[in-house]
>>> print(open('structure-v8.cif').read())   # mmCIF, C-alpha atoms
data_my_file
loop_
_atom_site.label_atom_id
_atom_site.label_comp_id
_atom_site.auth_asym_id
_atom_site.auth_seq_id
_atom_site.Cartn_x
_atom_site.Cartn_y
_atom_site.Cartn_z
CA MET A 1 36.44 91.89 -71.60
CA LEU A 2 36.20 89.50 -74.55
CA TYR A 3 38.65 86.65 -74.84
CA SER A 4 40.77 86.31 -77.90
CA THR A 5 40.12 83.07 -79.76
CA LYS A 6 43.55 81.85 -78.81
CA THR A 7 42.99 82.46 -75.11
CA TYR A 8 39.60 80.79 -75.32
CA GLN A 9 41.07 77.71 -76.99
CA THR A 10 43.86 77.51 -74.43
CA GLN A 11 41.39 77.73 -71.57
CA LYS A 12 39.22 75.08 -73.17
CA LYS A 13 42.21 72.76 -73.38
CA LEU A 14 43.11 73.49 -69.79
CA THR A 15 39.62 72.80 -68.46
CA ASN A 16 39.37 69.68 -70.58
CA TRP A 17 42.59 68.43 -69.07
CA VAL A 18 41.54 69.32 -65.54
CA ARG A 19 38.20 67.56 -65.90
CA THR A 20 39.19 64.50 -67.90
CA GLY A 21 42.94 64.05 -67.56
CA SER A 22 43.29 63.64 -71.31
CA ASN A 23 45.21 65.71 -73.89
CA PRO A 24 47.56 67.61 -71.63
CA GLU A 25 48.85 69.76 -74.50
CA VAL A 26 48.09 73.19 -73.17
CA PRO A 27 50.29 75.94 -74.65
CA GLY A 28 52.64 77.56 -72.18
CA THR A 29 52.26 74.96 -69.45
CA VAL A 30 54.45 72.32 -67.86
CA LEU A 31 53.04 68.81 -67.59
CA GLU A 32 54.06 68.33 -63.96
CA GLY A 33 52.26 71.53 -63.02
CA LEU A 34 49.18 70.49 -64.97
CA LYS A 35 49.03 67.21 -63.08
CA GLN A 36 48.99 69.05 -59.77
CA TYR A 37 46.30 71.39 -61.06
CA ARG A 38 44.03 68.49 -61.99
CA ARG A 39 44.72 66.68 -58.73
CA LEU A 40 43.78 69.68 -56.63
CA PHE A 41 40.58 70.43 -58.51
CA ARG A 42 39.45 66.83 -58.50
CA ASN A 43 40.17 66.55 -54.80
CA ASN A 44 37.92 69.52 -54.13
CA ILE A 45 35.06 67.88 -55.96
CA ASN A 46 35.72 64.55 -54.29
CA ASN A 47 35.81 65.98 -50.80
CA THR A 48 32.73 68.10 -51.29
CA MET A 49 30.81 64.98 -52.24
CA GLU A 50 32.39 62.91 -49.52
CA GLN A 51 31.23 65.40 -46.92
CA ALA A 52 27.78 65.76 -48.41
CA PHE A 53 27.18 62.03 -48.85
CA PRO A 54 29.05 60.24 -46.05
CA ILE A 55 26.64 57.30 -45.99
CA SER A 56 26.87 56.73 -49.74
CA PHE A 57 30.62 57.02 -49.46
CA GLU A 58 30.52 54.25 -46.87
CA VAL A 59 28.18 52.07 -48.86
CA LEU A 60 29.86 52.31 -52.25
CA ASN A 61 33.17 50.59 -52.75
CA LYS A 62 36.26 52.57 -53.71
CA GLU A 63 36.00 51.87 -57.41
CA GLN A 64 32.33 52.81 -57.56
CA TRP A 65 32.90 56.04 -55.69
CA LYS A 66 35.86 56.92 -57.90
CA GLN A 67 33.81 56.24 -61.00
CA LEU A 68 31.03 58.54 -59.83
CA ILE A 69 33.43 61.36 -59.03
CA ASP A 70 35.42 60.98 -62.25
CA ASP A 71 32.31 60.75 -64.43
CA PHE A 72 30.63 63.66 -62.71
CA PHE A 73 33.71 65.85 -62.94
CA ALA A 74 34.35 64.96 -66.56
CA HIS A 75 30.84 64.92 -67.99
CA HIS A 76 28.62 67.13 -65.90
CA ASP A 77 28.51 70.81 -66.80
CA ALA A 78 27.68 72.36 -63.47
CA LYS A 79 24.76 74.76 -63.48
CA THR A 80 25.67 76.36 -60.19
CA PRO A 81 28.77 78.43 -59.43
CA HIS A 82 28.38 77.51 -55.75
CA VAL A 83 30.46 74.57 -54.61
CA TRP A 84 28.06 73.75 -51.78
CA LYS A 85 25.20 73.32 -54.22
CA LEU A 86 27.14 70.85 -56.34
CA PRO A 87 26.02 67.84 -54.28
CA PHE A 88 22.48 68.40 -55.52
CA GLU A 89 23.72 68.31 -59.11
CA PHE A 90 25.74 65.23 -58.25
CA TYR A 91 22.61 63.53 -56.95
CA GLN A 92 20.74 64.49 -60.12
CA PHE A 93 23.62 63.29 -62.30
CA VAL A 94 23.75 59.90 -60.59
CA ASN A 95 19.99 59.59 -60.87
CA LYS A 96 19.88 60.57 -64.55
CA GLN A 97 22.78 58.37 -65.55
CA LYS A 98 21.14 55.40 -63.81
CA TYR A 99 24.11 54.38 -61.70
CA SER A 100 21.73 52.61 -59.36
CA SER A 101 21.17 50.08 -62.15
CA LYS A 102 24.80 50.02 -63.23
CA PHE A 103 25.92 49.27 -59.68
CA ASN A 104 22.92 47.07 -58.93
CA MET A 105 22.06 49.30 -55.99
CA PRO A 106 18.39 50.22 -56.37
CA PHE A 107 18.51 52.22 -53.15
CA LEU A 108 21.24 54.57 -54.38
CA ASN A 109 18.98 57.39 -55.60
CA ASP A 110 16.97 57.37 -52.38
CA LEU A 111 20.13 57.35 -50.33
CA LEU A 112 21.65 60.33 -52.13
CA HIS A 113 18.34 62.15 -51.95
CA PHE A 114 18.06 61.51 -48.22
CA GLU A 115 21.58 62.78 -47.63
CA TRP A 116 21.02 65.87 -49.77
CA LEU A 117 17.83 66.70 -47.85
CA GLU A 118 19.80 67.67 -44.78
CA ILE A 119 21.76 70.26 -46.73
CA GLU A 120 18.69 71.47 -48.56
CA ILE A 121 16.67 71.99 -45.40
CA PHE A 122 19.56 73.55 -43.52
CA THR A 123 20.13 76.09 -46.27
CA MET A 124 16.51 76.76 -47.23
CA GLN A 125 15.14 80.26 -47.08
CA ASP A 126 13.50 81.34 -43.85
CA ILE A 127 9.75 80.92 -43.91
CA LEU A 128 8.30 82.76 -40.97
CA PRO A 129 5.16 81.46 -39.29
CA GLU A 130 2.03 83.52 -38.83
CA PRO A 131 1.52 84.86 -35.30
CA TYR A 132 0.64 82.10 -32.86
CA LYS A 133 -0.08 81.56 -29.20
CA LYS A 134 1.42 78.89 -27.00
CA THR A 135 -1.76 77.65 -25.41
CA GLY A 136 -4.99 76.52 -26.98
CA ASP A 137 -7.47 73.73 -27.53
CA LEU A 138 -5.68 70.79 -29.11
CA LEU A 139 -8.79 69.40 -30.75
CA ASN A 140 -10.57 72.53 -31.85
CA ASP A 141 -7.98 75.22 -32.56
CA ARG A 142 -6.04 75.58 -35.76
CA ILE A 143 -2.37 74.85 -35.42
CA GLU A 144 0.51 76.95 -36.71
CA CYS A 145 3.16 74.75 -38.30
CA ASN A 146 6.87 75.20 -38.59
CA ASN A 147 6.98 75.96 -42.31
CA GLU A 148 10.62 75.05 -42.80
CA PHE A 149 10.10 71.45 -43.78
CA GLN A 150 9.98 69.04 -46.63
CA LEU A 151 7.98 65.85 -46.90
CA THR A 152 9.64 63.22 -49.00
CA GLN A 153 8.47 59.85 -50.20
CA LEU A 154 11.12 57.16 -50.40
CA LYS A 155 10.89 53.71 -51.84
CA TYR A 156 13.78 52.30 -49.82
CA PRO A 157 14.00 53.08 -46.10
CA VAL A 158 17.63 54.16 -46.23
CA HIS A 159 16.92 56.43 -43.26
CA LEU A 160 15.97 53.46 -41.08
CA PHE A 161 18.14 50.57 -42.20
CA ALA A 162 21.57 49.85 -43.57
CA ALA A 163 21.40 50.48 -47.30
CA LYS A 164 21.56 46.86 -48.34
CA GLU A 165 19.06 45.87 -45.66
CA SER A 166 16.66 48.50 -47.00
CA LEU A 167 16.27 46.40 -50.14
CA LYS A 168 14.27 43.89 -48.13
CA HIS A 169 11.87 46.55 -46.91
CA SER A 170 10.96 48.46 -50.05
CA GLY A 171 7.60 50.20 -49.89
CA ASP A 172 6.17 53.65 -49.30
CA TYR A 173 8.09 55.61 -46.70
CA TYR A 174 7.39 59.19 -45.73
CA LEU A 175 10.14 61.27 -44.27
CA LEU A 176 9.61 64.66 -42.73
CA SER A 177 12.77 66.78 -42.74
CA TYR A 178 12.50 70.10 -40.96
CA ARG A 179 14.61 72.84 -39.45
CA MET A 180 14.38 73.64 -35.79
CA PRO A 181 13.51 77.24 -35.03
CA GLU A 182 16.39 79.17 -33.44
CA THR A 183 19.00 76.39 -33.55
CA TYR A 184 18.60 75.70 -37.31
CA GLU A 185 19.28 72.06 -36.60
CA VAL A 186 17.81 69.72 -39.20
CA LYS A 187 15.72 66.88 -37.80
CA PHE A 188 13.95 63.90 -39.29
CA ILE A 189 10.72 62.09 -38.50
CA ASP A 190 9.49 58.95 -40.20
CA PHE A 191 5.74 59.19 -40.73
CA PRO A 192 3.26 56.37 -41.20
CA VAL A 193 0.93 57.29 -44.02
CA LEU A 194 -1.93 58.16 -41.67
CA HIS A 195 0.23 60.78 -40.02
CA VAL A 196 1.16 62.24 -43.38
CA LEU A 197 -2.57 62.69 -43.87
CA PHE A 198 -2.92 64.38 -40.48
CA PHE A 199 0.09 66.55 -41.18
CA GLU A 200 -1.14 67.68 -44.57
CA LYS A 201 -4.63 68.39 -43.29
CA ILE A 202 -3.25 70.47 -40.43
CA CYS A 203 -0.44 72.31 -42.20
CA ASN A 204 -1.79 72.62 -45.74
CA ASP A 205 -5.53 72.66 -45.31
CA ARG A 206 -5.34 74.32 -41.90
CA MET A 207 -7.94 72.04 -40.41
CA SER A 208 -8.39 71.44 -36.70
CA ALA A 209 -8.09 67.93 -35.25
CA ASN A 210 -11.83 67.64 -34.75
CA GLU A 211 -12.48 68.71 -38.34
CA ILE A 212 -10.08 66.02 -39.53
CA ILE A 213 -11.70 63.37 -37.36
CA LYS A 214 -15.13 64.34 -38.66
CA GLU A 215 -14.01 64.36 -42.29
CA ILE A 216 -12.35 60.96 -42.04
CA SER A 217 -15.21 59.41 -40.09
CA ASP A 218 -17.80 60.75 -42.52
CA GLN A 219 -15.94 59.37 -45.50
CA ASN A 220 -14.98 56.09 -43.82
CA PRO A 221 -17.65 54.94 -41.39
CA SER A 222 -15.68 51.78 -40.56
CA VAL A 223 -12.92 53.80 -38.91
CA ASP A 224 -12.99 53.60 -35.10
CA LYS A 225 -13.60 57.21 -34.11
CA LYS A 226 -12.29 56.81 -30.58
CA GLN A 227 -9.04 55.29 -31.76
CA LEU A 228 -8.71 57.93 -34.44
CA LYS A 229 -9.13 60.68 -31.86
CA GLN A 230 -6.55 59.09 -29.57
CA ASN A 231 -4.11 58.69 -32.43
CA ILE A 232 -4.39 62.25 -33.69
CA GLU A 233 -4.02 63.61 -30.16
CA GLU A 234 -0.81 61.64 -29.65
CA PHE A 235 0.40 62.77 -33.05
CA ILE A 236 -0.22 66.44 -32.32
CA GLU A 237 1.43 66.23 -28.91
CA THR A 238 4.50 64.62 -30.45
CA MET A 239 4.66 67.28 -33.17
CA PHE A 240 4.45 70.03 -30.56
CA SER A 241 7.24 68.51 -28.51
CA GLU A 242 9.40 68.18 -31.63
CA LYS A 243 8.69 71.77 -32.72
CA VAL A 244 7.08 70.67 -35.95
CA PHE A 245 4.00 72.44 -34.66
CA LEU A 246 4.72 75.77 -33.05
CA GLY A 247 1.48 76.81 -31.42
CA TYR A 248 -2.15 77.68 -32.01
CA SER A 249 -3.09 80.15 -34.70
CA GLU A 250 -4.12 83.58 -33.57
CA THR A 251 -7.59 84.46 -34.74
CA TYR A 252 -8.40 88.06 -35.45
CA GLN A 253 -11.84 89.49 -35.11
CA ASN A 254 -12.78 92.73 -36.81
CA MET B 1 7.29 89.27 -47.27
CA LYS B 2 5.98 85.92 -46.13
CA LYS B 3 7.32 83.04 -48.15
CA GLU B 4 5.29 79.94 -48.81
CA ASN B 5 6.60 76.43 -48.65
CA THR B 6 5.50 75.12 -52.04
CA LYS B 7 6.56 71.48 -51.70
CA ARG B 8 3.83 70.40 -49.41
CA THR B 9 1.50 67.71 -50.63
CA ILE B 10 2.65 64.22 -51.47
CA LEU B 11 -0.36 62.07 -50.65
CA THR B 12 -2.73 60.97 -53.36
CA GLY B 13 -6.28 59.76 -52.93
CA SER B 14 -5.42 56.10 -53.35
CA ILE B 15 -2.68 56.23 -50.72
CA ILE B 16 -5.04 57.94 -48.28
CA ALA B 17 -7.71 55.34 -48.89
CA GLY B 18 -5.17 52.58 -48.29
CA ALA B 19 -4.02 54.16 -45.06
CA LEU B 20 -7.52 54.48 -43.70
CA LEU B 21 -8.41 50.97 -44.75
CA THR B 22 -5.38 49.66 -42.87
CA PHE B 23 -6.37 51.72 -39.84
CA SER B 24 -9.94 50.47 -39.85
CA VAL B 25 -9.18 46.81 -40.55
CA THR B 26 -6.29 46.32 -38.17
CA THR B 27 -7.77 47.85 -35.07
CA ASN B 28 -4.73 46.95 -33.00
CA ALA B 29 -2.36 48.74 -35.33
CA ARG B 30 -1.55 52.13 -33.90
CA PRO B 31 0.36 54.17 -36.42
CA VAL B 32 3.26 55.87 -34.68
CA SER B 33 5.62 58.51 -36.01
CA GLN B 34 9.23 57.67 -35.42
CA VAL B 35 11.20 60.65 -34.20
CA MET B 36 14.66 60.02 -35.55
CA GLY B 37 16.60 62.96 -34.20
CA SER B 38 19.00 65.41 -35.76
CA GLY B 39 20.82 64.97 -39.03
CA ALA B 40 24.08 64.23 -37.24
CA GLU B 41 22.47 61.61 -35.01
CA VAL B 42 20.71 59.89 -37.89
CA ARG B 43 23.83 59.97 -40.04
CA THR B 44 25.96 58.46 -37.30
CA GLU B 45 23.45 55.72 -36.68
CA ILE B 46 22.98 54.85 -40.34
CA ILE B 47 26.72 54.82 -40.98
CA ASP B 48 27.14 52.47 -38.02
CA LEU B 49 24.39 50.25 -39.38
CA ASN B 50 26.11 50.16 -42.74
CA ILE B 51 29.47 49.38 -41.18
CA ASN B 52 27.95 46.60 -39.09
CA SER B 53 26.12 45.32 -42.12
CA SER B 54 29.30 45.11 -44.16
CA VAL B 55 31.20 43.59 -41.23
CA ASN B 56 28.54 40.90 -41.00
CA ASN B 57 28.96 40.28 -44.70
CA LEU B 58 32.68 39.95 -44.19
CA LEU B 59 32.22 37.43 -41.43
CA GLU B 60 29.98 35.44 -43.70
CA LEU B 61 32.47 35.68 -46.52
CA LYS B 62 35.46 34.68 -44.48
CA CYS B 63 34.68 31.02 -44.59
CA GLY B 64 36.11 29.92 -47.90
CA ALA B 65 36.45 33.40 -49.34
CA GLU B 66 39.73 34.35 -50.92
CA GLU B 67 41.86 36.83 -49.10
CA GLY B 68 41.31 40.34 -50.41
CA SER B 69 38.19 39.37 -52.26
CA SER B 70 36.23 42.02 -50.45
CA LYS B 71 37.14 45.66 -50.94
CA LYS B 72 35.48 46.57 -47.67
CA ALA B 73 38.02 44.48 -45.85
CA GLU B 74 40.72 46.81 -47.03
CA ALA B 75 38.73 49.96 -46.50
CA LYS B 76 37.78 49.52 -42.87
CA PRO B 77 41.06 49.83 -41.04
CA VAL B 78 42.06 52.75 -43.24
CA LYS B 79 39.01 54.65 -42.17
CA SER B 80 39.46 54.19 -38.47
CA ASP B 81 43.12 55.12 -38.78
CA LYS B 82 42.43 58.33 -40.63
CA LYS B 83 39.56 59.53 -38.50
CA GLU B 84 41.50 60.90 -35.62
CA GLY B 85 44.11 62.82 -37.52
CA LYS B 86 41.95 64.37 -40.17
CA ALA B 87 39.27 65.52 -37.80
CA THR B 88 41.63 67.76 -35.94
CA GLU B 89 43.46 69.09 -38.96
CA ALA B 90 43.53 72.75 -39.73
CA LYS B 91 40.99 74.38 -41.98
CA CYS B 92 41.34 74.32 -45.71
CA GLY B 93 42.39 77.94 -45.92
CA GLU B 94 45.69 77.04 -44.37
CA GLY B 95 46.61 74.69 -47.18
CA LYS B 96 46.58 75.11 -50.90
CA CYS B 97 43.40 74.67 -52.87
CA GLY B 98 42.51 71.00 -52.98
CA GLU B 99 44.98 69.96 -50.35
CA GLY B 100 44.61 69.06 -46.74
CA LYS B 101 41.22 68.68 -45.20
CA CYS B 102 39.16 70.04 -48.03
CA GLY B 103 41.08 68.46 -50.81
CA GLY B 104 42.77 65.42 -49.41
CA ASP B 105 43.33 62.46 -51.66
CA ASP B 106 40.51 59.99 -52.22
CA SER B 107 42.27 57.45 -50.11
CA LYS B 108 42.17 59.64 -47.03
CA LYS B 109 38.86 59.27 -45.36
CA SER B 110 38.14 62.19 -43.12
CA ASP B 111 35.78 62.34 -40.18
CA LYS B 112 32.65 62.53 -42.23
CA LYS B 113 30.27 63.02 -39.36
CA THR B 114 31.78 66.28 -38.32
CA THR B 115 32.90 67.52 -41.68
CA LYS B 116 29.43 67.39 -43.18
CA ALA B 117 28.12 69.58 -40.43
CA GLU B 118 31.04 71.90 -40.95
CA LEU B 119 30.37 72.06 -44.65
CA LYS B 120 26.82 73.12 -43.97
CA THR B 121 27.81 75.62 -41.37
CA GLU B 122 30.23 76.97 -43.90
CA LYS B 123 27.45 77.39 -46.40
CA LYS B 124 25.31 79.19 -43.93
CA GLU B 125 27.86 81.58 -42.60
CA LYS B 126 30.94 81.87 -44.69
CA THR B 127 29.90 81.79 -48.28
CA THR B 128 31.25 85.19 -49.08
CA GLU B 129 34.51 85.01 -47.25
CA ALA B 130 37.16 83.33 -49.32
CA LYS B 131 38.37 82.71 -52.82
CA CYS B 132 38.30 79.22 -54.24
CA GLY B 133 40.56 77.01 -52.24
CA GLU B 134 41.08 79.51 -49.48
CA GLY B 135 37.84 78.69 -47.77
CA LYS B 136 36.94 75.24 -46.62
CA CYS B 137 36.39 72.93 -49.56
CA GLY B 138 36.58 75.64 -52.09
CA ALA B 139 33.55 77.47 -50.79
CA GLU B 140 32.91 80.72 -52.55
#
>>> encode(input="structure-v8.cif", output="structure tokens")
Amino acid sequence: MLYSTKTYQTQKKLTNWVRTGSNPEVPGTVLEGLKQYRRLFRNNINNTMEQAFPISFEVLNKEQWKQLIDDFFAHHDAKTPHVWKLPFEFYQFVNKQKYSSKFNMPFLNDLLHFEWLEIEIFTMQDILPEPYKKTGDLLNDRIECNNEFQLTQLKYPVHLFAAKESLKHSGDYYLLSYRMPETYEVKFIDFPVLHVLFFEKICNDRMSANEIIKEISDQNPSVDKKQLKQNIEEFIETMFSEKVFLGYSETYQN
Amino acid sequence: MKKENTKRTILTGSIIAGALLTFSVTTNARPVSQVMGSGAEVRTEIIDLNINSSVNNLLELKCGAEEGSSKKAEAKPVKSDKKEGKATEAKCGEGKCGEGKCGGDDSKKSDKKTTKAELKTEKKEKTTEAKCGEGKCGAE
């Protein structure tokens, strides 16, 4: 049903009041009621963000947090109708509006991103693995990965240190976030860059450990092959125990 | 239908070269992945680190700092006071939209460690249950 122009204008005034707290002249309303309306809506936004970003909430002071919530509520036109997806838009808003510079907190974008990851991975679509077997040859068989993951590069290690401390350790950090099969619990692993390479070769390129060792050794003769082999074996064993790797790929023969 | 994870590759050639160079030059360096645990565990630990970090800052500030000059000094006791009560409060659906657990005032810090998990559980399981304000935190 189409709105009449009058209804549309009234609703515009109401939403403007609810979001900004300015111009409370909405026809047919009582100011005291309007105040409650705005309070309740704003509280919903605030608490959604507070639950989604508890670390950021701890790190920011009261005024900074209030400013983020007020600005987001007033100026961001949400793309999603789902309240639980709003934290992602909040993270994007903070990033785009450069609050990390305004607050002199260079780690802020990484921190919000890190906190959002848990929600994103928890709610991601199921990605079923190919058939796999539990036993196999660690060095020669192809490995079936848990596909419900995301690899993220962070500049500030907000997942390892207190936010302010992370400023002293800026660099390249690689965080694997993944969802445990069956329990749907989200877990995190901090990868050194070499293990990101192993991981991508195994899960993306579907290479076996021996193929990876050969490729790396061929391209970099100075690499100690024995140490490389030991390192990749330890890596694979750890990934199996953490359910990042599920098993060995089934091979079909026609 | 099998779905593909499309966000897979983040390493570039130069980063790979750097990693291998590090590995070959520093023969004693054994790159190790750090298993950090579940979201809840990591969150709890990082929040504690941040609290300790700000407490340390407070201790440093105390000498010569004016009373009330740090906002964190005011925030801390409030948080520990609120934790207990809010964590056991009833679900949002029992209050009005925006009130109580899912819509408490800014000043009321709830038990964030548990509520975040609840929020996510809510998303997973209860997204179609309630109208705005009747579900937890206004979930659809």
>>> resolve_selection(input="structure-v8.cif", expression="the PyMOL selection byres ((chain A and resi 206) around 10)", output="list in words")
Asp141, Arg142, Ile143, Glu144, Cys145, Phe199, Glu200, Lys201, Ile202, Cys203, Asn204, Asp205, Met207, Ser208, Ala209, Glu211, Ile212 and Ser249 of chain A
>>> resolve_selection(input="structure-v8.cif", expression="the PyMOL selection byres ((chain A) within 7 of (chain B))", output="VMD selection string")
chain A and resid 40 to 41 43 to 44 46 to 48 51 to 52 54 to 55 59 61 82 to 84 118 to 119 123 127 to 128 147 150 to 151 159 161 to 163 185 to 194 197 200 222 to 224
>>> atom_distance(input="structure-v8.cif", atom1="atom CA of Tyr3 of chain A", atom2="atom CA of Thr29 of chain A")
18.7 Å
>>> atom_distance(input="structure-v8.cif", atom1="atom CA of Met105 of chain A", atom2="atom CA of Lys164 of chain A")
8.0 Å
>>> closest_residue(input="structure-v8.cif", among="A:Gly21, A:Pro87, A:Gly28, A:Pro81", to="Phe53 of chain A", atoms="all atoms listed in the file")
A:Pro87
>>> atom_distance(input="structure-v8.cif", atom1="atom CA of Met239 of chain A", atom2="atom CA of Leu139 of chain A")
13.8 Å
>>> residues_around(input="structure-v8.cif", residues="segment 6-16 of chain A", least_positions_apart="2", cutoff="9 Å", atoms="all atoms listed in the file", output="list in words")
Tyr3, Ser4, Val18, Arg19, Thr20, Gly21, Ser22, Asn23, Pro24, Glu25, Val26, Pro27, Leu34, Arg38 and Ala74 of chain A
